[in-house]
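Visitor: Questions regarding the structure given below will be posed in turn.
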Amino acid sequence: MGWENEHLNQIIQGQETFYVPFYQHDPDCDWGDHRYQEEYMLSDLLREKGMTVRWEYDFGDGWQHEIRLSSISEYEADEPRAIIFKSGKYVCPPEDCGGIWGYQDLLDLHAKRKAHKRLTSDEKERLEWYGIDKDYDPEEDFDKDECIDICDEFSCNDDSDALIATRAKTPSQIGGKQSGSINDDVDPFITSPLYDEVLSLAFRLRELEPWEDLDDSDVYAIRMQDGSEMYIATMGNGSGMKDIQFYDGAESFQQYLCYLNGPQLLHFDIMDLHCWANYTSILFPDAMEKAADAAYYTHIKQWADTHNKTIKPECGYPLLQRYRPHRYQSMMLCDEQGLARLKEALEAVLWLSQQLLDTDDLATLGFVDGKYPTKKGGKVVPLVIKTSEGYRIERTKLPGLCEDFPTVSIPESDLQSLRTLRKSGTQYCRLIHIPELIDSEDDRENSNFPLILACIDKNQDIASMTEPCEMSNDYERDVLRQYINKVREEGKLPQRIVTDHPRTYAFLRDFCHTLGTILELKRVRIPELNELCQYMCEFKL
């Protein structure tokens, strides 16, 4: 169509089911059933002939579209599994033109010009702004060849059971590109005996359904064989996706606490926290949602058939995912060390899940009510410890919210050229990830989400940002070097830098201390930074 996905939009099914982009989701919305667009494909919504959904784009302009499944046909045995362009007509209206009525006004002006009637300078400028020249023809300018090319790009010639060649994106990979077709000649998932054991345990966990007894506030810990603690969070109580999350150590768990900390989190905050996350997840999607990753679903279906496991319609199969800071999530199927720790933790989770079935009182297992999360932490939760006879439960305290983030230091030689710059003005700054993957030679699991420093000159109201960096061993230091380059190019060093984010404060602390720039941490959100970050995340730069 030519639109750039720059506006709020939603897909509406029936009267109360709304599919919205991840960044647009409002957790406080208490009407209707709101879901993430990125977790679904049209084939999940339109399953029978005649079914329809509505797509509303740009709530200001109010474009309304009806998408209808007119027929369903099976592929012939020798027919390529292709997306085939059928027909189309009319050119797409310009974006931001004011909806149906605004577009009609443009067509009226265009007709007036073609009739050789005088236009005002404003009317001429308006037509030029929206790209409507003298030869514009809304009925004839439709580009059939371009539509065919787009369909070819998203088609595949796969002979497997997976008919969907492109993978839908989940919330934690917002902004990433879709991958290509599934190649039956190359199995992207390398299995091992340890991997088989983990999947078998995960299928057993599905039968015990710990999310029926626990919710995301009923966190508990596992004492691992090396003495470290693994924190377990259970999602899906009452509704939503069933998910068991494994946080290896207090630092990893504190990222999860930041995610829970209060309703003041905005859409881009949630996206950004996903990009700092460091945990392993076993997700249990419905079988109907296999399009979330067609290649993995095909793989897990073959594995289940081989091992006599059943994929049910609801909570159908385990999806293993590994989240790492700044990285696109990986399937973690080749990481033997990670699988070994996951297996050890899973065995303890299974034991506790069985105990949950045997008691009606969570307090007997050590689960107690209490304010959570808090800055100081201290909530007492169960600690599962393996013994020679089996397992026992003790108690441990949860850590508090992390505000003591590590600083990023830069060699003196990198800062020397800044010492001669004049100092003036105040700059607002905040670290944030942008939901647009930087691919590493098309290896998505080694791709990263760009971390940038967003800046606003307070007095001049000028916004800027650092250049996105490729992932490296000193990734955050590379981002700081980008900021240093930006300051050097501008020829001016801020007299004062103000941020409302503790991580940004730690990020700039050494830099400001060395150069004598005043660094201030505000305890209330800076509206200008909120607006800038929201804009960058919605429009992906």
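The way I read the labels, and the way they are meant: chains A, B, ... in the order of the structure tokens, residue 1 as the first residue of every chain, and ligand 1 as the first ligand shown, with later ones counted on from there.
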Please, which residues in segment 298-358 of chain A fall within 10 Å of segment 435-438 of chain A when counting only C-alpha atoms, and what is the closest atom pair and distance in Å to one decimal for each, ordered by chain then residue number, as a Markdown table?

Guide:
| residue | atom | partner | partner_atom | distance |
| --- | --- | --- | --- | --- |
| A:His326 | CA | A:Leu437 | CA | 9.6 |
| A:Arg327 | CA | A:Leu437 | CA | 8.6 |
| A:Tyr328 | CA | A:Leu437 | CA | 7.6 |

Visitor: Next, the residues of the selection above should be written as a short mmCIF file (atom, residue, chain, number, x, y, z; two decimals), in the first residue's frame with C-alpha atoms.

Guide:
data_model
loop_
_atom_site.label_atom_id
_atom_site.label_comp_id
_atom_site.auth_asym_id
_atom_site.auth_seq_id
_atom_site.Cartn_x
_atom_site.Cartn_y
_atom_site.Cartn_z
CA HIS A 326 20.82 -6.31 23.83
CA ARG A 327 20.33 -9.55 21.88
CA TYR A 328 17.57 -11.13 19.86
#

Visitor: Could you name the residues that touch Phe85 of chain A at 12 Å or less, counting only C-alpha atoms, but leaving out those on the same chain fewer than 5 positions away, as a list in words?

Guide: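 Final neighbour list, sorted by chain and number: Asp143, Lys144, Asp145, Glu146, Cys147, Ile148, Asp149, Ile150, Cys151, Asp152, Glu153, Phe154 and Ser155 of chain A.
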
Visitor: Could you produce a table of the residues of segment 307-413 of chain A lying within 8 Å of segment 484-503 of chain A, with the nearest pair of atoms per residue and their separation in Å rounded to one decimal, using only C-alpha atoms, ordered by chain and increasing residue number, as JSON lines?

Guide:
{"residue": "A:Glu403", "atom": "CA", "partner": "A:Pro502", "partner_atom": "CA", "distance": 5.9}
{"residue": "A:Asp404", "atom": "CA", "partner": "A:Pro502", "partner_atom": "CA", "distance": 7.6}
{"residue": "A:Phe405", "atom": "CA", "partner": "A:Arg503", "partner_atom": "CA", "distance": 5.6}
{"residue": "A:Pro406", "atom": "CA", "partner": "A:Arg503", "partner_atom": "CA", "distance": 7.9}

Visitor: Which polymer residues have any atom within 10 Å of an atom of Leu365 of chain A, counting only C-alpha atoms, with same-chain residues fewer than 2 positions away left out, as a PDB file with C-alpha atoms, in the first residue's frame?

Guide:
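File written: selection28.pdb
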ATOM      1  CA  LEU A 352       7.544 -28.192  43.738  1.00  0.00           C
ATOM      2  CA  GLN A 355       3.744 -30.437  45.984  1.00  0.00           C
ATOM      3  CA  LEU A 356       1.339 -27.748  44.824  1.00  0.00           C
ATOM      4  CA  THR A 359      -1.793 -29.113  49.179  1.00  0.00           C
ATOM      5  CA  ASP A 361      -2.440 -24.090  51.418  1.00  0.00           C
ATOM      6  CA  LEU A 362       0.441 -22.298  49.722  1.00  0.00           C
ATOM      7  CA  ALA A 363       1.686 -21.071  53.103  1.00  0.00           C
ATOM      8  CA  PHE A 367       4.530 -18.765  49.993  1.00  0.00           C
ATOM      9  CA  VAL A 368       3.427 -15.706  51.961  1.00  0.00           C
ATOM     10  CA  VAL A 381       9.940 -16.949  49.626  1.00  0.00           C
ATOM     11  CA  PRO A 382      10.448 -20.725  49.367  1.00  0.00           C
ATOM     12  CA  LEU A 383      13.963 -21.981  48.624  1.00  0.00           C
ATOM     13  CA  VAL A 384      14.027 -25.471  47.074  1.00  0.00           C
ATOM     14  CA  ARG A 392      13.393 -29.908  50.976  1.00  0.00           C
ATOM     15  CA  ILE A 393      12.065 -26.357  51.362  1.00  0.00           C
ATOM     16  CA  GLU A 394      13.777 -23.632  53.330  1.00  0.00           C
ATOM     17  CA  ARG A 395      13.308 -19.858  53.185  1.00  0.00           C
TER      18      ARG A 395
END

Visitor: Using only C-alpha atoms, can you tell me which of A:Leu273, A:Val20, A:Leu418, A:Met241 comes closest to His7 of chain A?

Guide: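 So, comparing all the options, the nearest one is A:Val20.
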
Visitor: So how many Å separate atom CA of Thr52 of chain A and atom CA of Ile67 of chain A, to one decimal?

Guide: 5.5 Å

Visitor: How many Å lie between atom CA of Tyr19 of chain A and atom CA of His34 of chain A, rounded to one decimal?

Guide: 5.9 Å

Visitor: Name the residues of segment 243-480 of chain A that fall into helix (DSSP H, G or I) according to DSSP on the backbone, using the chain letters and numbers of this document, as a PyMOL selection string.

Guide: chain A and resi 250-260+267-276+287-306+336-358+362-365+412-418+475-480

Visitor: For Gly60 of chain A, please output as a list in words all residues within 12 Å (counting only C-alpha atoms; exclusion window: fewer than 5 positions along the same chain).

Guide: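 Residues meeting the cut-off are His7, Leu8, Asn9, Glu95, Asp96, Cys97, Gly98, Gly99, Ile100, Trp101 and Gly102 of chain A.
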
Visitor: Considering only strand (DSSP E or B) as DSSP defines it on the backbone, what residues of segment 247-443 of chain A qualify? List them as a PyMOL selection string.

Guide: chain A and resi 247-248+279-284+319-323+327+330+380-387+390-397+422-423+426-433+438-440+443

Visitor: For segment 274-283 of chain A, work out the shell of residues within 9 Å, counting only C-alpha atoms and skipping chain neighbours fewer than 6 positions away, then give it as a count of residues only.

Guide: 39

Visitor: To one decimal place in Å, what is the distance between atom CA of Lys114 of chain A and atom CA of Asp135 of chain A?

Guide: 8.9 Å

Visitor: Report as a list in words all protein, DNA and RNA residues lying within 10 Å of Ile300 of chain A, evaluated on only C-alpha atoms, omitting residues in the same chain fewer than 3 positions from it.

Guide: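 Selected residues are Phe189, Leu199, Ala294, Ala295, Tyr296, Tyr297, Trp303, Ala304, Asp305, Thr306, Lys309, Ile311, Tyr317, Pro318 and Leu319 of chain A.
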
Visitor: Can you write just those residues out, C-alpha atoms, as an mmCIF file, in the first residue's frame?

Guide:
data_model
loop_
_atom_site.group_PDB
_atom_site.id
_atom_site.type_symbol
_atom_site.label_atom_id
_atom_site.label_comp_id
_atom_site.auth_asym_id
_atom_site.auth_seq_id
_atom_site.Cartn_x
_atom_site.Cartn_y
_atom_site.Cartn_z
ATOM 1 C CA PHE A 189 17.935 -27.213 15.498
ATOM 2 C CA LEU A 199 12.031 -31.255 26.480
ATOM 3 C CA ALA A 294 6.861 -22.131 11.954
ATOM 4 C CA ALA A 295 10.291 -23.782 11.808
ATOM 5 C CA TYR A 296 10.334 -24.505 15.533
ATOM 6 C CA TYR A 297 6.775 -25.830 15.470
ATOM 7 C CA TRP A 303 10.239 -34.477 18.096
ATOM 8 C CA ALA A 304 6.910 -35.063 19.879
ATOM 9 C CA ASP A 305 5.883 -37.743 17.370
ATOM 10 C CA THR A 306 9.239 -39.507 17.819
ATOM 11 C CA LYS A 309 4.358 -36.789 23.248
ATOM 12 C CA ILE A 311 0.642 -31.518 21.279
ATOM 13 C CA TYR A 317 4.086 -27.516 23.407
ATOM 14 C CA PRO A 318 7.179 -26.095 25.159
ATOM 15 C CA LEU A 319 9.008 -23.268 23.451
#

Visitor: Need the shell around Glu212 of chain A: protein/DNA/RNA residues with any atom at most 8 Å away, counting only C-alpha atoms. Skip same-chain ones fewer than 2 positions apart. Format as a list in words?

Guide: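 Near Glu212 of chain A, the qualifying residues are Glu209, Pro210, Leu214, Asp215, Gly236, Asn237 and Gly238 of chain A.
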
Visitor: Those residues you just picked out, can you put them in a file as a tab-separated table (two decimals), in the first residue's frame with N, CA and C atoms?

Guide:
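Final file, again30.tsv:
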chain	number	residue	atom	x	y	z
A	209	GLU	N	0.76	-28.13	35.50
A	209	GLU	CA	0.11	-26.82	35.45
A	209	GLU	C	0.35	-25.98	36.71
A	210	PRO	N	1.59	-25.64	37.03
A	210	PRO	CA	1.84	-24.83	38.24
A	210	PRO	C	1.20	-23.46	38.19
A	214	LEU	N	0.01	-20.71	41.16
A	214	LEU	CA	0.92	-19.59	41.37
A	214	LEU	C	0.66	-18.48	40.35
A	215	ASP	N	0.93	-17.23	40.77
A	215	ASP	CA	0.93	-16.13	39.82
A	215	ASP	C	2.30	-15.46	39.84
A	236	GLY	N	0.77	-16.68	33.74
A	236	GLY	CA	-0.39	-17.30	33.11
A	236	GLY	C	-1.51	-17.66	34.05
A	237	ASN	N	-1.41	-17.25	35.32
A	237	ASN	CA	-2.49	-17.56	36.26
A	237	ASN	C	-3.76	-16.81	35.88
A	238	GLY	N	-4.81	-17.54	35.61
A	238	GLY	CA	-6.09	-16.93	35.27
A	238	GLY	C	-6.27	-16.65	33.79

Visitor: Taking only C-alpha atoms into account, name the residue in A:Ala250, A:Ala233, A:Ile12, A:Leu205 that is nearest to Asp218 of chain A.

Guide: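 Of all the options, A:Ala233 lies closest to Asp218 of chain A.
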
Visitor: With distances taken over only C-alpha atoms, which of A:Ile434, A:Ile518, A:Cys455, A:Met471 is nearest to Tyr483 of chain A?

Guide: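 Using only C-alpha atoms, Tyr483 of chain A sits closest to A:Cys455.
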